[in-house]
>>> print(open('my_file_1.cif').read())   # mmCIF, C-alpha atoms and all ligand atoms
data_coords
#
loop_
_atom_site.label_atom_id
_atom_site.label_comp_id
_atom_site.auth_asym_id
_atom_site.auth_seq_id
_atom_site.Cartn_x
_atom_site.Cartn_y
_atom_site.Cartn_z
CA MET A 1 13.62 21.72 61.15
CA ALA A 2 15.49 18.55 62.01
CA ASP A 3 19.20 18.87 62.51
CA LEU A 4 20.87 17.36 59.45
CA PHE A 5 24.12 16.83 61.23
CA ASN A 6 24.83 14.33 63.88
CA HIS A 7 27.10 16.62 65.87
CA GLY A 8 27.72 14.42 68.85
CA GLY A 9 28.16 11.34 66.69
CA ARG A 10 30.25 9.97 63.91
CA SER A 11 32.30 11.83 61.39
CA CYS A 12 32.26 11.40 57.61
CA SER A 13 33.09 7.87 56.44
CA VAL A 14 35.60 9.07 53.83
CA PRO A 15 39.07 8.23 55.19
CA GLY A 16 40.83 11.35 56.41
CA CYS A 17 37.70 13.49 56.46
CA THR A 18 36.85 14.71 59.93
CA ALA A 19 33.76 16.71 59.03
CA PRO A 20 30.62 15.61 60.83
CA ALA A 21 28.52 13.07 58.94
CA ARG A 22 25.00 13.98 57.97
CA ASN A 23 22.38 12.38 60.09
CA ASP A 24 21.23 10.06 57.30
CA HIS A 25 22.08 6.72 55.76
CA SER A 26 24.97 8.10 53.69
CA HIS A 27 27.40 8.53 56.61
CA LEU A 28 29.02 11.28 54.56
CA CYS A 29 29.62 14.92 55.34
CA GLU A 30 27.76 17.45 53.25
CA ALA A 31 30.71 18.15 50.91
CA HIS A 32 31.35 14.48 50.20
CA ARG A 33 27.65 13.73 49.80
CA GLN A 34 27.45 16.44 47.15
CA ARG A 35 30.55 15.16 45.38
CA GLN A 36 29.09 11.66 45.34
CA ARG A 37 25.82 12.92 43.86
CA ARG A 38 27.43 15.19 41.32
CA HIS A 39 30.48 13.16 40.32
CA GLY A 40 29.47 9.57 41.03
CA HIS A 41 32.19 9.01 43.63
CA VAL A 42 33.32 10.82 46.78
CA ARG A 43 36.83 11.29 45.38
CA GLN A 44 36.02 11.98 41.73
CA ARG A 45 36.99 15.45 40.57
CA GLY A 46 35.31 17.30 37.77
CA ILE A 47 37.14 16.99 34.44
CA THR A 48 37.65 20.49 33.10
CA LYS A 49 37.17 21.47 29.49
CA ALA A 50 40.80 22.65 29.47
CA LEU A 51 42.05 19.20 30.43
CA LEU A 52 39.87 17.58 27.81
CA ARG A 53 40.63 20.02 24.97
CA PRO A 54 43.78 18.37 23.52
CA TYR A 55 42.05 14.98 23.42
CA VAL A 56 39.04 16.42 21.65
CA ALA A 57 41.44 18.04 19.17
CA ARG A 58 43.06 14.65 18.51
CA VAL A 59 39.71 13.12 17.72
CA ARG A 60 38.96 16.02 15.36
CA GLY A 61 42.31 15.32 13.73
CA ILE A 62 41.37 11.68 13.19
CA ILE A 63 37.98 12.67 11.76
CA ASP A 64 39.70 15.14 9.42
CA LYS A 65 41.92 12.35 8.06
CA ASP A 66 38.92 10.90 6.29
CA THR A 67 38.74 12.73 2.99
CA THR A 68 35.83 10.74 1.58
CA GLY A 69 33.27 12.36 3.88
CA GLN A 70 32.04 8.91 4.89
CA LEU A 71 33.10 9.21 8.49
CA ALA A 72 31.49 12.62 8.98
CA ALA A 73 28.31 11.34 7.32
CA ALA A 74 28.23 8.32 9.62
CA LEU A 75 28.69 10.56 12.67
CA HIS A 76 25.86 12.81 11.52
CA GLN A 77 23.72 9.70 11.21
CA LEU A 78 24.64 8.47 14.72
CA HIS A 79 23.81 11.87 16.15
CA ALA A 80 20.45 12.02 14.38
CA LEU A 81 19.60 8.45 15.45
CA LEU A 82 20.46 9.23 19.04
CA GLY A 83 18.10 12.22 18.94
CA ASP A 84 15.35 10.18 17.28
CA ARG A 85 15.60 7.38 19.83
CA ALA A 86 15.64 9.82 22.73
CA ARG A 87 12.58 11.67 21.44
CA GLN A 88 10.81 8.37 20.82
CA SER A 89 11.45 7.19 24.37
CA VAL A 90 10.04 10.45 25.72
CA ALA A 91 6.96 10.09 23.49
CA ASP A 92 6.53 6.47 24.65
CA ALA A 93 6.72 7.55 28.28
CA LEU A 94 4.17 10.32 27.72
CA SER A 95 1.79 7.88 26.05
CA GLY A 96 1.83 5.82 29.21
CA ARG A 97 4.25 3.09 28.28
CA PRO A 98 5.82 1.84 31.51
CA GLY A 99 9.42 2.73 32.12
CA SER A 100 11.52 4.37 34.75
CA LYS A 101 11.30 8.06 35.47
CA TRP A 102 15.10 8.27 35.21
CA GLU A 103 15.09 6.89 31.70
CA ARG A 104 12.49 9.45 30.66
CA ILE A 105 14.44 12.34 32.20
CA ALA A 106 17.64 11.09 30.56
CA GLY A 107 15.86 10.75 27.22
CA GLN A 108 14.57 14.31 27.49
CA GLU A 109 18.04 15.64 28.23
CA VAL A 110 19.64 13.67 25.41
CA ALA A 111 17.03 14.97 22.96
CA LYS A 112 17.67 18.56 24.05
CA VAL A 113 21.45 18.24 23.78
CA VAL A 114 21.29 16.58 20.35
CA GLU A 115 18.97 19.32 19.14
CA ALA A 116 21.39 22.02 20.25
CA THR A 117 24.71 20.50 19.20
CA ASN A 118 26.70 19.66 16.13
CA ALA A 119 27.22 15.96 15.35
CA LEU A 120 31.00 16.19 15.01
CA ASP A 121 31.40 18.21 18.21
CA CYS A 122 29.40 15.61 20.13
CA ALA A 123 31.36 12.70 18.71
CA ALA A 124 34.71 14.40 19.37
CA LEU A 125 33.74 15.26 22.93
CA VAL A 126 32.64 11.72 23.76
CA ALA A 127 35.61 9.99 22.11
CA GLY A 128 37.95 12.63 23.57
CA LEU A 129 36.89 11.71 27.08
CA PHE A 130 37.56 8.03 26.34
CA LEU A 131 41.02 8.92 25.01
CA LEU A 132 41.70 10.90 28.16
CA ARG A 133 40.81 7.84 30.24
CA ASP A 134 42.97 5.62 28.04
CA GLU A 135 46.01 7.81 28.63
CA GLU A 136 45.33 9.20 32.08
CA PRO A 137 43.32 6.52 33.86
CA GLY A 138 44.17 8.14 37.19
CA GLN A 139 41.77 10.98 36.37
CA PHE A 140 38.89 8.63 37.10
CA VAL A 141 38.43 6.88 40.42
CA SER A 142 35.73 4.47 39.26
CA GLU A 143 33.52 3.54 36.35
CA ASP A 144 30.73 5.65 37.83
CA GLY A 145 33.17 8.51 38.24
CA PHE A 146 33.93 8.25 34.52
CA ARG A 147 30.32 7.93 33.43
CA PHE A 148 29.20 10.89 35.51
CA GLN A 149 31.88 13.05 33.87
CA LEU A 150 30.72 11.82 30.49
CA ALA A 151 27.10 12.74 31.24
CA ARG A 152 28.12 16.05 32.75
CA LEU A 153 30.34 17.13 29.85
CA PHE A 154 27.83 15.93 27.30
CA ARG A 155 25.15 18.12 28.89
CA ALA A 156 27.52 21.02 29.42
CA GLN A 157 27.88 21.39 25.64
CA THR A 158 24.73 23.45 25.77
CA ASP A 159 23.61 26.16 28.14
CA LEU A 160 20.52 24.07 28.85
CA ALA A 161 22.41 22.39 31.67
CA PHE A 162 22.92 25.70 33.39
CA GLY A 163 20.68 27.90 35.41
CA SER A 164 21.41 31.47 36.39
CA TYR A 165 20.48 33.58 39.35
CA TRP A 166 21.07 37.14 40.46
CA ASP A 167 23.75 37.36 43.08
CA GLN A 168 22.78 40.37 45.18
CA GLU A 169 26.10 40.60 46.97
CA ALA A 170 28.28 40.38 43.87
CA GLY A 171 25.87 42.55 41.89
CA LYS A 172 25.90 40.24 38.90
CA THR A 173 24.24 37.19 37.39
CA LYS A 174 25.84 33.90 38.35
CA THR A 175 25.66 30.67 36.41
CA VAL A 176 25.36 27.27 38.04
CA TYR A 177 25.39 23.76 36.61
CA ARG A 178 22.06 22.07 37.27
CA ASP A 179 22.68 18.52 38.38
CA LEU A 180 20.46 15.69 37.28
CA SER A 181 19.71 13.06 39.91
CA PRO A 182 22.37 10.32 40.10
CA ARG A 183 20.03 7.79 38.50
CA ALA A 184 19.14 10.09 35.62
CA THR A 185 22.84 10.88 35.19
CA ALA A 186 23.69 7.17 34.98
CA ALA A 187 20.86 6.63 32.48
CA LEU A 188 22.04 9.54 30.34
CA ALA A 189 25.58 8.14 30.32
CA ARG A 190 24.17 4.80 29.10
CA TRP A 191 22.45 6.53 26.19
CA VAL A 192 25.68 8.21 25.17
CA VAL A 193 27.92 5.17 25.64
CA ASP A 194 25.55 2.95 23.66
CA ALA A 195 25.37 5.44 20.81
CA TYR A 196 29.11 6.03 20.51
CA ALA A 197 30.67 2.73 21.64
CA ARG A 198 31.66 1.63 18.13
CA PHE A 199 33.11 4.99 17.15
CA VAL A 200 35.00 5.21 20.44
CA GLY A 201 36.44 1.72 19.89
CA HIS A 202 37.82 2.77 16.51
CA VAL A 203 39.23 6.03 17.81
CA VAL A 204 40.97 4.49 20.81
CA ALA A 205 42.49 1.71 18.64
CA TRP A 206 43.64 4.26 16.05
CA ASP A 207 45.18 6.48 18.69
CA ARG A 208 47.01 3.57 20.34
CA GLN A 209 48.44 2.56 16.97
CA GLU A 210 49.69 6.08 16.35
CA ARG A 211 51.31 6.16 19.75
CA THR A 212 52.92 2.75 19.14
CA ARG A 213 54.36 3.93 15.82
CA GLN A 214 55.73 7.01 17.53
CA ALA A 215 57.31 4.90 20.28
CA GLU A 216 58.83 2.57 17.67
CA ALA A 217 60.32 5.49 15.78
CA LEU A 218 61.91 6.77 18.97
CA GLU A 219 63.29 3.33 19.82
CA ALA A 220 64.77 3.02 16.33
CA LEU A 221 66.36 6.40 16.82
CA ASP A 222 67.93 5.32 20.13
CA ALA A 223 69.12 2.04 18.61
CA ALA A 224 70.69 3.84 15.66
CA PHE A 225 72.66 6.13 17.95
CA ALA A 226 73.66 3.27 20.23
CA ALA A 227 75.04 1.35 17.22
CA MET A 228 77.10 4.31 15.96
CA LYS A 229 79.37 4.53 19.04
CA PRO A 230 81.61 7.59 18.56
ZN ZN B 1 33.64 14.17 54.23
#
>>> encode(input="my_file_1.cif", output="structure tokens", more="lines below")
Ligand SMILES: [Zn+2]
Amino acid sequence: MADLFNHGGRSCSVPGCTAPARNDHSHLCEAHRQRQRRHGHVRQRGITKALLRPYVARVRGIIDKDTTGQLAAALHQLHALLGDRARQSVADALSGRPGSKWERIAGQEVAKVVEATNALDCAALVAGLFLLRDEEPGQFVSEDGFRFQLARLFRAQTDLAFGSYWDQEAGKTKTVYRDLSPRATAALARWVVDAYARFVGHVVAWDRQERTRQAEALEALDAAFAAMKP
């Protein structure tokens, strides 16, 4: 077997990383190569469900404000359309219509996730991640970093994205996230962004307005106290 690492040669190209680079075109060490593949950027960290939870809850709160049922109905429709389009693209690919392998894989994954999830959960998850980026842009090192998290969290809603194996040493079953290839991940993120862009736009605008009103109320409070002068 060829030696993957170029021991006598260069180290990883990520600044500050002294691990030996793999002997391939990436010029990255194994850890950074994996992070790049999995997260879309060598410095992107995985967004945890715990970090995302309050943002998802805020989106649920916005959805709950609609008492007519129109918003929920529209989100159910978006979800169903996304599933239909994904299944159609898979059927087209199977019938020999030309298209990229990545698009087909992404379509398959989207169809599976839609099948296994609730429309409102999906919508809240997607918009929640956009809200997180709006308020904590530092969580994402690049657009790819963001999109890979989106694809990853979208898939992680179901256990379809996970495989399990028996860990002999630990004496128990372990679960691992099964990565899609970077190109399939990017394609999946496109599916999701395209489907939810309009909803996300509304949610982010609504949330900003709420935050502005809150800030204005606090400013008014400060001004009132400043004017009273004991
Ligand atoms: Zn490295």
>>> residues_near_ligand(input="my_file_1.cif", ligand="ligand ZN 1 (chain B)", cutoff="7 Å", atoms="only C-alpha atoms and all ligand atoms", output="list of chain:residue names")
A:Cys12, A:Ser13, A:Val14, A:Cys17, A:Thr18, A:Ala19, A:Leu28, A:Cys29, A:Glu30, A:Ala31, A:His32
>>> atom_distance(input="my_file_1.cif", atom1="atom CA of Phe154 of chain A", atom2="atom CA of Leu132 of chain A")
14.8 Å
>>> atom_distance(input="my_file_1.cif", atom1="atom CA of Arg45 of chain A", atom2="atom CA of Asn23 of chain A")
24.6 Å
>>> atom_distance(input="my_file_1.cif", atom1="atom CA of Ala220 of chain A", atom2="atom CA of Asp207 of chain A")
20.0 Å
>>> closest_residue(input="my_file_1.cif", among="A:Val42, A:Leu218, A:Ile47, A:Leu94", to="Phe146 of chain A", atoms="all atoms listed in the file")
A:Ile47
>>> residues_around(input="my_file_1.cif", residues="Arg152 of chain A", least_positions_apart="4", cutoff="9 Å", atoms="all atoms listed in the file", output="PyMOL selection string")
chain A and resi 38-39+46+147-148+156-157+161+179-180+185+189
>>> closest_residue(input="my_file_1.cif", among="A:Gly128, A:Pro230, A:Pro20, A:Gly171", to="Val204 of chain A", atoms="all atoms listed in the file")
A:Gly128
>>> closest_residue(input="my_file_1.cif", among="A:Asp159, A:Glu143, A:Asp92, A:Asp167", to="Val113 of chain A", atoms="only C-alpha atoms")
A:Asp159
>>> residues_around(input="my_file_1.cif", residues="Ala127 of chain A", least_positions_apart="2", cutoff="10 Å", atoms="all atoms listed in the file", output="number ranges by chain")
A: 55-56, 58-60, 122-125, 129-133, 150, 193, 196-197, 199-204
>>> closest_residue(input="my_file_1.cif", among="A:Ile62, A:Leu78, A:Ala86, A:Leu52", to="Glu210 of chain A", atoms="all atoms listed in the file")
A:Ile62
>>> closest_residue(input="my_file_1.cif", among="A:Ser142, A:Ala215, A:Glu135, A:Ala74", to="Leu120 of chain A", atoms="only C-alpha atoms")
A:Ala74
>>> closest_residue(input="my_file_1.cif", among="A:Gly83, A:Gly163, A:Gly99, A:Gly145", to="Thr117 of chain A", atoms="all atoms listed in the file")
A:Gly83
